[in-house]
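File shown here: run_37.cif, holding mmCIF, C-alpha atoms.
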```cif
data_protein
#
loop_
_atom_site.label_atom_id
_atom_site.label_comp_id
_atom_site.auth_asym_id
_atom_site.auth_seq_id
_atom_site.Cartn_x
_atom_site.Cartn_y
_atom_site.Cartn_z
CA MET X 265 -2.31 31.98 3.49
CA ARG X 266 -4.52 29.16 4.67
CA GLN X 267 -3.86 25.96 2.74
CA VAL X 268 -6.76 23.57 2.28
CA LEU X 269 -6.86 20.21 0.56
CA THR X 270 -9.78 19.03 -1.49
CA ALA X 271 -8.84 15.38 -1.33
CA THR X 272 -8.36 13.14 1.63
CA GLY X 273 -5.62 10.59 2.11
CA PHE X 274 -2.00 10.20 3.04
CA MET X 275 -0.34 13.57 2.88
CA GLY X 276 2.97 12.93 4.66
CA LEU X 277 5.26 12.68 1.66
CA ASP X 278 3.42 15.47 -0.13
CA SER X 279 3.61 17.75 2.87
CA ASP X 280 7.34 17.22 3.27
CA LEU X 281 8.04 18.02 -0.34
CA SER X 282 5.51 20.78 -0.91
CA LEU X 283 7.59 23.55 0.63
CA TRP X 284 10.57 22.64 -1.56
CA ALA X 285 8.34 22.30 -4.60
CA SER X 286 6.62 25.63 -4.04
CA VAL X 287 10.01 27.30 -4.28
CA ASN X 288 10.95 25.44 -7.45
CA GLN X 289 7.66 25.36 -9.35
CA SER X 290 7.38 28.13 -11.86
CA VAL X 291 3.79 29.21 -12.42
CA PRO X 292 2.16 32.04 -14.29
CA ALA X 293 1.31 35.16 -12.34
CA GLU X 294 -1.70 34.39 -10.18
CA SER X 295 -3.73 37.34 -11.18
CA THR X 296 -7.12 37.98 -12.65
CA ALA X 297 -5.69 40.67 -14.91
CA ALA X 298 -5.82 39.56 -18.52
CA ASN X 299 -2.91 40.30 -20.79
CA ASP X 300 -3.67 41.18 -24.41
CA SER X 301 -0.87 39.00 -25.75
CA GLU X 302 -2.21 35.92 -23.92
CA SER X 303 -4.09 33.19 -25.76
CA PRO X 304 -7.50 32.18 -24.33
CA ASP X 305 -5.90 29.01 -22.95
CA GLN X 306 -3.17 30.99 -21.16
CA ARG X 307 -5.78 33.41 -19.81
CA ARG X 308 -7.84 30.54 -18.41
CA ALA X 309 -4.66 28.94 -16.99
CA ALA X 310 -3.83 32.18 -15.16
CA TRP X 311 -7.38 32.43 -13.82
CA MET X 312 -7.33 28.85 -12.57
CA ALA X 313 -3.93 29.41 -10.93
CA ALA X 314 -5.43 32.43 -9.14
CA ALA X 315 -8.50 30.37 -8.22
CA GLN X 316 -6.27 27.71 -6.67
CA ALA X 317 -4.95 30.46 -4.40
CA GLY X 318 -8.53 31.38 -3.43
CA ASP X 319 -9.44 34.18 -5.89
CA ARG X 320 -13.22 33.87 -6.24
CA ARG X 321 -13.53 36.34 -9.13
CA ALA X 322 -10.94 34.47 -11.19
CA TYR X 323 -12.64 31.18 -10.35
CA GLU X 324 -16.05 32.34 -11.52
CA LYS X 325 -14.49 33.72 -14.70
CA VAL X 326 -12.67 30.51 -15.54
CA LEU X 327 -15.74 28.35 -14.84
CA ALA X 328 -17.97 30.57 -16.98
CA ASP X 329 -15.36 30.52 -19.73
CA SER X 330 -15.18 26.73 -19.49
CA ILE X 331 -18.81 26.04 -20.42
CA ALA X 332 -18.26 26.30 -24.19
CA LEU X 333 -15.19 24.05 -23.97
CA ILE X 334 -17.10 21.45 -21.96
CA ARG X 335 -19.95 21.48 -24.48
CA ALA X 336 -17.48 21.01 -27.34
CA ALA X 337 -15.75 18.10 -25.58
CA ALA X 338 -19.11 16.47 -24.78
CA ARG X 339 -20.32 16.86 -28.37
CA ARG X 340 -17.10 15.20 -29.61
CA GLN X 341 -17.94 12.20 -27.42
CA GLY X 342 -21.40 11.96 -29.02
CA VAL X 343 -23.50 13.45 -26.22
CA THR X 344 -26.96 14.46 -27.46
CA PRO X 345 -28.10 18.12 -27.09
CA ASP X 346 -30.60 17.25 -24.34
CA GLN X 347 -27.79 15.84 -22.19
CA LEU X 348 -25.25 18.61 -22.78
CA ASP X 349 -26.29 20.81 -19.86
CA ASP X 350 -26.14 17.88 -17.46
CA VAL X 351 -22.59 17.10 -18.61
CA VAL X 352 -21.66 20.78 -18.15
CA GLN X 353 -22.94 20.73 -14.56
CA GLU X 354 -21.28 17.41 -13.72
CA THR X 355 -17.99 18.66 -15.16
CA LEU X 356 -18.13 21.96 -13.25
CA ILE X 357 -18.70 20.04 -10.01
CA THR X 358 -15.80 17.70 -10.83
CA VAL X 359 -13.53 20.65 -11.68
CA ASP X 360 -14.36 22.11 -8.28
CA ARG X 361 -13.44 18.83 -6.57
CA VAL X 362 -10.16 18.21 -8.41
CA ARG X 363 -8.94 21.75 -9.06
CA HIS X 364 -5.80 21.01 -7.02
CA THR X 365 -4.67 18.62 -9.81
CA TYR X 366 -4.31 21.43 -12.34
CA ASP X 367 -0.69 22.38 -13.04
CA PRO X 368 -0.55 26.00 -14.30
CA THR X 369 2.54 25.23 -16.39
CA ARG X 370 0.36 23.01 -18.58
CA SER X 371 -2.64 23.65 -20.83
CA TYR X 372 -5.87 24.40 -18.97
CA ASP X 373 -7.94 23.48 -22.02
CA ALA X 374 -6.37 20.01 -22.26
CA TRP X 375 -6.94 19.43 -18.53
CA LEU X 376 -10.57 20.55 -18.71
CA SER X 377 -11.32 18.66 -21.94
CA ALA X 378 -10.02 15.43 -20.43
CA ILE X 379 -12.35 15.82 -17.44
CA ALA X 380 -15.30 16.85 -19.63
CA SER X 381 -14.75 13.86 -21.96
CA ARG X 382 -14.80 11.52 -18.97
CA ARG X 383 -18.02 13.04 -17.63
CA ALA X 384 -19.53 12.81 -21.13
CA ILE X 385 -18.65 9.10 -21.36
CA ASP X 386 -20.17 8.57 -17.89
CA ALA X 387 -23.37 10.30 -19.03
CA LEU X 388 -23.57 8.13 -22.16
CA ARG X 389 -22.99 4.96 -20.14
CA SER X 390 -25.57 5.99 -17.58
CA ARG X 391 -28.14 6.59 -20.31
CA GLY X 392 -27.22 3.23 -21.88
CA ARG X 393 -27.75 1.45 -18.57
CA ARG X 394 -31.09 3.19 -18.03
CA GLY X 395 -32.14 2.26 -21.56
CA SER X 396 -31.34 -1.40 -21.01
CA ARG X 397 -33.37 -1.44 -17.78
CA GLU X 398 -36.46 0.08 -19.38
CA VAL X 399 -38.74 -2.53 -20.96
CA HIS X 400 -41.86 -2.53 -23.05
CA ASP X 401 -45.02 -2.09 -20.95
CA GLU X 402 -46.58 -5.42 -21.88
CA PHE X 403 -43.40 -7.26 -21.07
CA ALA X 404 -43.05 -5.39 -17.79
CA LEU X 405 -46.62 -6.32 -16.85
CA ASP X 406 -45.93 -9.93 -17.68
CA ARG X 407 -42.81 -10.06 -15.56
CA HIS X 408 -44.13 -7.98 -12.70
CA PRO X 409 -44.40 -10.06 -9.52
CA ASP X 410 -47.86 -10.78 -8.15
CA VAL X 411 -49.00 -8.11 -5.68
CA ASP X 412 -49.95 -10.88 -3.29
CA ASP X 413 -46.46 -12.31 -3.31
CA ALA X 414 -45.63 -11.88 0.38
CA SER X 415 -41.91 -12.47 0.13
CA ALA X 416 -41.50 -9.90 -2.64
CA ALA X 417 -43.48 -7.38 -0.64
CA THR X 418 -41.39 -7.98 2.48
CA GLU X 419 -38.20 -7.66 0.53
CA SER X 420 -39.37 -4.45 -1.06
CA GLU X 421 -40.34 -3.09 2.36
CA GLN X 422 -36.91 -3.95 3.77
CA ARG X 423 -35.21 -2.21 0.87
CA ALA X 424 -37.34 0.89 1.38
CA ARG X 425 -36.55 0.87 5.11
CA ARG X 426 -32.80 0.64 4.42
CA LEU X 427 -33.04 3.46 1.91
CA ARG X 428 -34.99 5.64 4.35
CA ALA X 429 -32.37 4.99 7.05
CA ALA X 430 -29.55 5.87 4.63
CA ILE X 431 -31.28 9.12 3.64
CA ALA X 432 -31.75 10.01 7.31
CA GLU X 433 -27.98 9.68 7.85
CA LEU X 434 -27.12 12.15 5.06
CA PRO X 435 -25.88 15.65 5.99
CA PRO X 436 -28.85 18.07 6.43
CA GLY X 437 -28.42 19.90 3.07
CA GLN X 438 -28.20 16.66 1.09
CA ARG X 439 -31.10 15.07 2.99
CA GLU X 440 -33.27 18.10 2.31
CA ALA X 441 -32.46 17.97 -1.43
CA VAL X 442 -33.33 14.26 -1.70
CA GLU X 443 -36.52 14.59 0.32
CA GLN X 444 -37.88 17.62 -1.50
CA LEU X 445 -36.65 17.00 -5.07
CA GLY X 446 -36.56 13.22 -5.15
CA LEU X 447 -39.24 11.93 -2.80
CA ARG X 448 -41.81 14.75 -2.81
CA GLU X 449 -41.07 15.51 -6.47
CA ARG X 450 -41.08 19.27 -5.88
CA SER X 451 -39.62 21.50 -8.58
CA LEU X 452 -36.26 23.24 -8.09
CA SER X 453 -37.89 26.65 -7.71
CA GLU X 454 -40.46 25.37 -5.18
CA THR X 455 -37.70 23.69 -3.16
CA ALA X 456 -35.50 26.78 -3.36
CA GLU X 457 -38.35 28.91 -2.02
CA LEU X 458 -39.16 26.41 0.71
CA THR X 459 -35.60 25.86 1.93
CA GLY X 460 -34.09 29.27 1.22
CA ARG X 461 -31.25 27.67 -0.77
CA ASN X 462 -30.51 28.60 -4.36
CA THR X 463 -31.09 26.08 -7.16
CA GLY X 464 -27.37 25.62 -7.80
CA ALA X 465 -26.81 24.58 -4.18
CA LEU X 466 -29.77 22.23 -4.34
CA LYS X 467 -28.38 20.55 -7.45
CA VAL X 468 -24.93 20.13 -5.91
CA ASN X 469 -26.51 18.69 -2.76
CA LEU X 470 -28.73 16.31 -4.73
CA HIS X 471 -25.78 15.17 -6.85
CA ARG X 472 -23.65 14.52 -3.75
CA ALA X 473 -26.49 12.75 -1.96
CA LEU X 474 -27.17 10.42 -4.89
CA LYS X 475 -23.46 9.68 -5.21
CA ALA X 476 -23.24 8.85 -1.49
CA LEU X 477 -26.30 6.58 -1.71
CA ARG X 478 -24.98 4.85 -4.84
CA GLU X 479 -21.65 4.19 -3.14
CA ARG X 480 -23.39 2.90 -0.03
CA PHE X 481 -25.63 0.42 -1.81
CA HIS X 482 -23.41 -0.50 -4.78
CA GLY X 483 -26.44 -1.09 -6.98
CA GLU X 484 -28.11 -3.22 -4.32
CA LEU X 485 -31.36 -1.26 -4.48
CA MET C 207 -33.37 20.73 -17.68
CA PRO C 208 -30.42 22.89 -16.61
CA ASP C 209 -29.98 26.08 -18.64
CA GLN C 210 -27.56 28.99 -18.74
CA ARG C 211 -29.09 30.53 -15.63
CA SER C 212 -28.66 27.36 -13.62
CA HIS C 213 -25.03 27.16 -14.79
CA GLU C 214 -24.54 30.66 -13.46
CA ALA C 215 -26.22 29.69 -10.18
CA LEU C 216 -23.95 26.66 -9.87
CA ILE C 217 -20.83 28.74 -10.64
CA ASP C 218 -21.95 31.26 -8.03
CA GLN C 219 -22.45 28.46 -5.52
CA LEU C 220 -19.05 26.92 -6.28
CA GLY C 221 -17.43 30.36 -6.10
CA SER C 222 -18.97 31.08 -2.71
CA GLY C 223 -17.51 27.88 -1.29
CA LEU C 224 -14.04 28.45 -2.76
CA VAL C 225 -11.06 27.85 -0.50
CA PRO C 226 -7.36 27.88 -1.46
CA VAL C 227 -5.96 24.48 -2.39
CA ARG C 228 -2.44 23.10 -2.32
CA ARG C 229 -1.45 22.10 -5.82
CA LEU C 230 -0.55 18.53 -6.57
CA LEU C 231 3.21 18.07 -6.86
CA PRO C 232 4.61 17.34 -10.34
CA PRO C 233 4.59 13.61 -11.26
CA TRP C 234 8.40 13.34 -11.22
CA LEU C 235 8.58 14.69 -7.68
CA ARG C 236 5.86 12.33 -6.48
CA THR C 237 7.79 9.50 -8.15
CA VAL C 238 10.95 10.51 -6.27
CA ALA C 239 9.00 10.51 -2.99
CA TRP C 240 7.81 6.93 -3.56
CA LEU C 241 11.25 5.82 -4.78
CA LEU C 242 12.74 7.13 -1.54
CA VAL C 243 10.66 4.55 0.33
CA VAL C 244 11.90 1.82 -2.03
CA ALA C 245 15.49 3.07 -1.60
CA THR C 246 15.08 2.93 2.19
CA CYS C 247 14.02 -0.73 1.91
CA ALA C 248 17.08 -1.36 -0.31
CA VAL C 249 19.44 0.24 2.22
CA LEU C 250 17.97 -1.85 5.06
CA LEU C 251 18.32 -5.05 3.01
CA LEU C 252 21.91 -4.14 2.03
CA MET C 253 22.76 -3.50 5.69
CA HIS C 254 21.40 -6.94 6.55
CA PHE C 255 22.72 -9.01 3.63
CA GLY C 256 25.77 -6.95 2.60
CA VAL C 257 26.87 -5.87 -0.87
CA SER C 258 29.59 -8.43 -1.50
CA GLY C 259 27.27 -11.39 -2.10
CA MET C 260 25.27 -9.46 -4.68
CA LEU C 261 28.42 -8.24 -6.47
CA ARG C 262 29.84 -11.77 -6.51
CA ARG C 263 26.66 -13.11 -8.10
CA TRP C 264 26.66 -10.34 -10.65
CA ASP C 265 30.29 -11.05 -11.47
CA ALA C 266 29.53 -14.74 -12.01
CA ALA C 267 26.29 -14.10 -13.95
CA PRO C 268 26.24 -10.67 -15.65
CA ASP C 269 22.74 -11.38 -17.02
CA LEU C 270 21.51 -11.25 -13.42
CA ALA C 271 22.96 -7.74 -13.11
CA TRP C 272 21.31 -6.68 -16.38
CA ALA C 273 17.99 -8.14 -15.20
CA GLY C 274 18.38 -6.14 -11.98
CA ILE C 275 19.12 -2.93 -13.92
CA GLY C 276 16.08 -3.63 -16.12
CA ALA C 277 13.89 -4.11 -13.04
CA VAL C 278 15.13 -0.82 -11.53
CA ILE C 279 14.45 1.07 -14.80
CA THR C 280 10.99 -0.53 -14.96
CA THR C 281 10.31 0.53 -11.37
CA ILE C 282 11.21 4.17 -12.03
CA CYS C 283 9.40 4.39 -15.39
CA ALA C 284 6.23 2.57 -14.27
CA ALA C 285 5.91 4.71 -11.13
CA TRP C 286 6.47 7.89 -13.15
CA ALA C 287 3.89 6.76 -15.72
CA ALA C 288 1.37 6.01 -12.93
CA PHE C 289 1.77 9.48 -11.43
CA ALA C 290 1.62 11.14 -14.87
CA LEU C 291 -1.52 9.18 -15.83
CA SER C 292 -3.23 10.28 -12.62
CA VAL C 293 -3.32 13.90 -13.80
CA PRO C 294 -6.16 14.86 -16.21
CA GLY C 295 -4.97 15.91 -19.65
CA GLN C 296 -1.89 13.68 -19.76
CA ARG C 297 -1.53 11.34 -22.72
CA ALA C 298 -2.25 7.62 -22.42
CA SER C 299 1.03 6.99 -24.24
CA TRP C 300 2.79 7.48 -20.87
CA ALA C 301 1.93 3.81 -20.36
CA TRP C 302 4.62 2.85 -22.90
CA LEU C 303 7.38 4.39 -20.77
CA PRO C 304 8.19 1.23 -18.75
CA LEU C 305 8.42 -0.93 -21.89
CA PRO C 306 12.19 -0.63 -22.63
CA GLY C 307 13.10 -1.38 -19.00
CA ALA C 308 10.65 -4.27 -18.89
CA LEU C 309 12.13 -5.73 -22.09
CA LEU C 310 15.64 -5.54 -20.60
CA TRP C 311 14.40 -7.11 -17.37
CA ILE C 312 12.54 -9.98 -19.08
CA GLY C 313 15.20 -10.43 -21.78
CA ALA C 314 18.13 -10.63 -19.36
CA SER C 315 16.21 -12.98 -17.04
CA GLY C 316 15.36 -15.22 -20.01
CA LEU C 317 18.99 -15.17 -21.11
CA GLY C 318 19.94 -16.53 -17.69
CA CYS C 319 17.63 -19.48 -18.32
CA LEU C 320 19.06 -20.14 -21.76
CA GLN C 321 22.60 -20.13 -20.37
CA PHE C 322 21.60 -22.85 -17.98
CA LEU C 323 20.86 -25.10 -20.99
CA PHE C 324 24.47 -24.73 -22.15
CA GLU C 325 26.07 -24.80 -18.70
CA PRO C 326 24.73 -27.88 -16.96
CA GLY C 327 26.73 -27.09 -13.80
CA THR C 328 24.48 -24.18 -12.92
CA HIS C 329 22.62 -24.49 -9.63
CA ILE C 330 18.93 -25.23 -10.29
CA THR C 331 16.49 -23.70 -7.87
CA SER C 332 14.14 -26.04 -6.12
CA LEU C 333 10.44 -25.29 -5.98
CA HIS C 334 10.85 -24.49 -2.28
CA GLN C 335 13.52 -21.85 -3.03
CA SER C 336 11.40 -20.45 -5.83
CA SER C 337 8.40 -20.12 -3.56
CA ASP C 338 10.56 -17.95 -1.27
CA CYS C 339 10.98 -15.57 -4.21
CA LEU C 340 7.21 -15.59 -4.76
CA VAL C 341 6.56 -14.75 -1.11
CA PHE C 342 9.27 -12.04 -1.14
CA ILE C 343 7.94 -10.29 -4.25
CA ILE C 344 4.32 -10.41 -3.09
CA SER C 345 5.15 -9.35 0.48
CA PHE C 346 7.05 -6.26 -0.67
CA SER C 347 4.58 -5.48 -3.46
CA ILE C 348 1.58 -5.20 -1.13
CA PRO C 349 2.81 -2.23 0.97
CA LEU C 350 4.50 -0.58 -2.02
CA SER C 351 1.29 -0.84 -4.09
CA ALA C 352 -0.80 0.41 -1.18
CA LEU C 353 1.46 3.45 -0.75
CA LEU C 354 1.30 4.21 -4.49
CA ILE C 355 -2.49 3.95 -4.52
CA VAL C 356 -2.81 6.21 -1.49
CA LEU C 357 -0.57 8.81 -3.15
CA LEU C 358 -2.42 8.48 -6.46
CA ARG C 359 -5.83 8.94 -4.83
CA ARG C 360 -4.89 12.57 -4.14
CA ALA C 361 -4.87 13.04 -7.91
CA TYR C 362 -7.68 12.22 -10.34
CA PRO C 363 -6.82 9.25 -12.59
CA LEU C 364 -9.16 9.35 -15.58
CA ARG C 365 -7.85 5.94 -16.69
CA PRO C 366 -7.95 4.03 -13.40
CA MET C 367 -7.31 0.59 -14.88
CA LEU C 368 -4.28 1.66 -16.88
CA THR C 369 -2.93 3.57 -13.88
CA ALA C 370 -3.47 0.49 -11.70
CA VAL C 371 -1.53 -1.67 -14.18
CA MET C 372 1.36 0.81 -13.84
CA VAL C 373 1.06 0.61 -10.05
CA GLY C 374 1.27 -3.18 -10.18
CA LEU C 375 4.22 -3.13 -12.55
CA ALA C 376 6.08 -0.51 -10.50
CA SER C 377 5.64 -2.31 -7.20
CA ALA C 378 6.38 -5.77 -8.66
CA ALA C 379 9.51 -4.46 -10.41
CA ALA C 380 10.60 -2.67 -7.22
CA SER C 381 10.18 -5.90 -5.24
CA ALA C 382 12.12 -7.86 -7.88
CA SER C 383 14.88 -5.22 -7.71
CA LEU C 384 15.04 -5.58 -3.93
CA LEU C 385 15.14 -9.36 -4.34
CA GLU C 386 18.39 -8.96 -6.30
CA ILE C 387 20.07 -7.92 -3.05
CA CYS C 388 19.38 -11.22 -1.34
CA HIS C 389 18.78 -13.57 -4.28
CA ALA C 390 21.07 -16.54 -3.72
CA TYR C 391 21.16 -18.09 -7.20
CA ASP C 392 21.09 -17.45 -10.93
CA ALA C 393 17.83 -17.24 -12.82
CA ALA C 394 16.92 -20.80 -13.80
CA ALA C 395 13.65 -21.65 -15.54
CA THR C 396 11.77 -22.51 -12.33
CA ASP C 397 12.97 -19.29 -10.75
CA LEU C 398 12.08 -17.18 -13.77
CA LEU C 399 8.62 -18.75 -13.88
CA THR C 400 8.10 -17.97 -10.20
CA HIS C 401 9.17 -14.35 -10.73
CA ALA C 402 6.86 -14.08 -13.74
CA LEU C 403 4.01 -15.61 -11.71
CA ALA C 404 4.61 -13.21 -8.81
CA VAL C 405 4.78 -10.16 -11.08
CA THR C 406 1.63 -11.27 -12.94
CA LEU C 407 -0.23 -11.83 -9.66
CA VAL C 408 0.75 -8.38 -8.39
CA VAL C 409 -0.21 -6.65 -11.65
CA VAL C 410 -3.56 -8.50 -11.91
CA ALA C 411 -4.41 -7.88 -8.24
CA ASN C 412 -3.65 -4.20 -8.68
CA THR C 413 -5.67 -3.98 -11.87
CA VAL C 414 -8.69 -5.52 -10.18
CA MET C 415 -8.52 -3.88 -6.75
CA GLY C 416 -6.40 -0.81 -7.51
CA GLY C 417 -8.57 0.07 -10.50
CA ARG C 418 -11.65 0.17 -8.26
CA LEU C 419 -9.88 2.18 -5.58
CA LEU C 420 -8.55 4.68 -8.10
CA SER C 421 -11.85 5.05 -9.94
CA ARG C 422 -13.35 6.45 -6.71
CA ALA C 423 -10.45 8.85 -6.27
#
```
I'd like the structure from this file rewritten - as structure tokens, please.
Amino acid sequence: MRQVLTATGFMGLDSDLSLWASVNQSVPAESTAANDSESPDQRRAAWMAAAQAGDRRAYEKVLADSIALIRAAARRQGVTPDQLDDVVQETLITVDRVRHTYDPTRSYDAWLSAIASRRAIDALRSRGRRGSREVHDEFALDRHPDVDDASAATESEQRARRLRAAIAELPPGQREAVEQLGLRERSLSETAELTGRNTGALKVNLHRALKALRERFHGEL
Amino acid sequence: MPDQRSHEALIDQLGSGLVPVRRLLPPWLRTVAWLLVVATCAVLLLMHFGVSGMLRRWDAAPDLAWAGIGAVITTICAAWAAFALSVPGQRASWAWLPLPGALLWIGASGLGCLQFLFEPGTHITSLHQSSDCLVFIISFSIPLSALLIVLLRRAYPLRPMLTAVMVGLASAAASASLLEICHAYDAAATDLLTHALAVTLVVVANTVMGGRLLSRA
């Protein structure tokens, strides 16, 4: 079976030991078949183990089954109802990226809840940061630089140019998502119709593009 | 705002891009892999400096041997804790694992200093000799920390700072353990202070830089 890694980095030591470990690691049966005596956690663990081996049906089942758990974990962290769906989506994307870290001999629910809690905290922090940047209109007007201020205008132009160049360097799918959803402010359904991609793919691409841009500029823009 | 249908669309999208993945090895096995590199360094140093000098020093100052044992235990426990903390769902209490070893390491080293007060004949390290220790610990800690961080980036540390502290402690303790092989004198106050300074520098540097590197893992 083809083995693929989801993370980059030094693999030498891992590779040398993986063969030995695969013989010695005891894992539940990698099957989508649910056993009546299994608890929901064990059932999800078995599905995820099968998903790690490439079973798409098991993967879709475990992700769908995870939504309620993610919502519960997010609510425990104090996430408001209007943010819950965003946390669910962020967590599902993270689960996809780090699914190789799940050990089927351990609880799937504990693994998922830890990731969901982290994403929930990130969402709360992000909202907090946005809140602190937003100011009252009068105050904003007061502090807004003069439109005739040449240096401010030049600086703003340079920033826009750098941002445009960075967007142009993104992979095609991500660039398309930023251009249509972010810059032209088209709706998801309009963009999906225009590009022929489904809304889920567009969201993943937009999320990845924004992450890449954030990492590139480190809050510079 | 995303709704149930968009969750389904996302799941469908993630499912369509699914490929098999190689599972992360258990933390203990990843710890063993890293310790093998440390052990290789130890063997090379022993081949160069020999065992007899180290055994003679330990015979003359048993607290030095206990400090060495404490440093080795700290190395193993801190590395294990770092690998355990890098897996989602593991308890933060793993961070307490290196504590007993660290107490033995610090306690035995401190005892060596106290003995010096009662045995005035003990050789006192000069600042120059002590700075050699500082350079040794930092020089070995850099590659050992880098290797740990690279291995940890394959996982997903949800507590990057705490994991980075463990990385710093593991690599500093490993370097101090290796120093035992070629350390030419007992632990006097200047020496102990230098070791403490080196370990602190390594832990702080890891917390600052390693934390950032691990948070992007």
Which residue out of X:Ala441, X:Ala336, X:Ala430, X:Ala322 has the minimum interatomic distance to chain C when all atoms listed in the file are used?
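Using all atoms listed in the file, the shortest distance to chain C belongs to X:Ala322.
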Nearest to Leu358 of chain C, chosen from C:Ala288, C:Leu252, C:Leu241, C:Ala215, with all atoms listed in the file counted in the distances:
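Using all atoms listed in the file, the shortest distance to Leu358 of chain C belongs to C:Ala288.
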Give me, as a ChimeraX atom specification, the residues of chain C touching chain X, with the criterion being at most 8 Å (counting all atoms listed in the file).
/C:207-209,212-222,224-232,236,239,293-296,356-357,359-362,364
Would you work out the distance separating atom CA of Ile343 of chain C from atom CA of Val405 of chain C, expressed in Å to one decimal?
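Answer for the atom CA of Ile343 of chain C to atom CA of Val405 of chain C separation: 7.5 Å.
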Distance query Ser381 of chain C at most 8 Å, only C-alpha atoms, self and fewer than 5 positions along chain excluded, as a ChimeraX atom specification
/C:342-344,346-347
Atoms added to segment 442-447 of chain X (all heavy atoms), reported as a PDB file, in the coordinates of the input:
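Writing done, so here's out37.pdb:
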```pdb
ATOM      1  N   VAL X 442     -32.742  15.550  -1.290  1.00  0.00           N
ATOM      2  CA  VAL X 442     -33.330  14.260  -1.700  1.00  0.00           C
ATOM      3  C   VAL X 442     -34.814  14.223  -1.341  1.00  0.00           C
ATOM      4  O   VAL X 442     -35.654  13.816  -2.157  1.00  0.00           O
ATOM      5  CB  VAL X 442     -32.590  13.081  -1.014  1.00  0.00           C
ATOM      6  CG1 VAL X 442     -33.308  11.768  -1.262  1.00  0.00           C
ATOM      7  CG2 VAL X 442     -31.172  12.975  -1.526  1.00  0.00           C
ATOM      8  N   GLU X 443     -35.123  14.673  -0.135  1.00  0.00           N
ATOM      9  CA  GLU X 443     -36.520  14.590   0.320  1.00  0.00           C
ATOM     10  C   GLU X 443     -37.442  15.461  -0.544  1.00  0.00           C
ATOM     11  O   GLU X 443     -38.500  15.014  -0.979  1.00  0.00           O
ATOM     12  CB  GLU X 443     -36.624  15.023   1.790  1.00  0.00           C
ATOM     13  CG  GLU X 443     -36.147  13.931   2.735  1.00  0.00           C
ATOM     14  CD  GLU X 443     -36.057  14.392   4.184  1.00  0.00           C
ATOM     15  OE1 GLU X 443     -36.220  15.608   4.437  1.00  0.00           O
ATOM     16  OE2 GLU X 443     -35.808  13.541   5.044  1.00  0.00           O
ATOM     17  N   GLN X 444     -36.992  16.696  -0.787  1.00  0.00           N
ATOM     18  CA  GLN X 444     -37.880  17.620  -1.500  1.00  0.00           C
ATOM     19  C   GLN X 444     -37.915  17.335  -3.013  1.00  0.00           C
ATOM     20  O   GLN X 444     -38.975  17.290  -3.616  1.00  0.00           O
ATOM     21  CB  GLN X 444     -37.427  19.077  -1.277  1.00  0.00           C
ATOM     22  CG  GLN X 444     -37.415  19.496   0.189  1.00  0.00           C
ATOM     23  CD  GLN X 444     -38.789  19.423   0.841  1.00  0.00           C
ATOM     24  OE1 GLN X 444     -39.803  19.544   0.176  1.00  0.00           O
ATOM     25  NE2 GLN X 444     -38.819  19.169   2.149  1.00  0.00           N
ATOM     26  N   LEU X 445     -36.707  17.159  -3.606  1.00  0.00           N
ATOM     27  CA  LEU X 445     -36.650  17.000  -5.070  1.00  0.00           C
ATOM     28  C   LEU X 445     -36.969  15.573  -5.503  1.00  0.00           C
ATOM     29  O   LEU X 445     -37.656  15.347  -6.492  1.00  0.00           O
ATOM     30  CB  LEU X 445     -35.265  17.388  -5.593  1.00  0.00           C
ATOM     31  CG  LEU X 445     -34.878  18.852  -5.417  1.00  0.00           C
ATOM     32  CD1 LEU X 445     -33.407  19.060  -5.706  1.00  0.00           C
ATOM     33  CD2 LEU X 445     -35.706  19.726  -6.351  1.00  0.00           C
ATOM     34  N   GLY X 446     -36.427  14.616  -4.742  1.00  0.00           N
ATOM     35  CA  GLY X 446     -36.560  13.220  -5.150  1.00  0.00           C
ATOM     36  C   GLY X 446     -37.844  12.588  -4.667  1.00  0.00           C
ATOM     37  O   GLY X 446     -38.613  12.037  -5.463  1.00  0.00           O
ATOM     38  N   LEU X 447     -38.103  12.663  -3.355  1.00  0.00           N
ATOM     39  CA  LEU X 447     -39.240  11.930  -2.800  1.00  0.00           C
ATOM     40  C   LEU X 447     -40.558  12.682  -2.963  1.00  0.00           C
ATOM     41  O   LEU X 447     -41.571  12.102  -3.318  1.00  0.00           O
ATOM     42  CB  LEU X 447     -38.983  11.617  -1.314  1.00  0.00           C
ATOM     43  CG  LEU X 447     -37.711  10.798  -1.027  1.00  0.00           C
ATOM     44  CD1 LEU X 447     -37.565  10.530   0.452  1.00  0.00           C
ATOM     45  CD2 LEU X 447     -37.746   9.474  -1.788  1.00  0.00           C
TER      46      LEU X 447
END
```
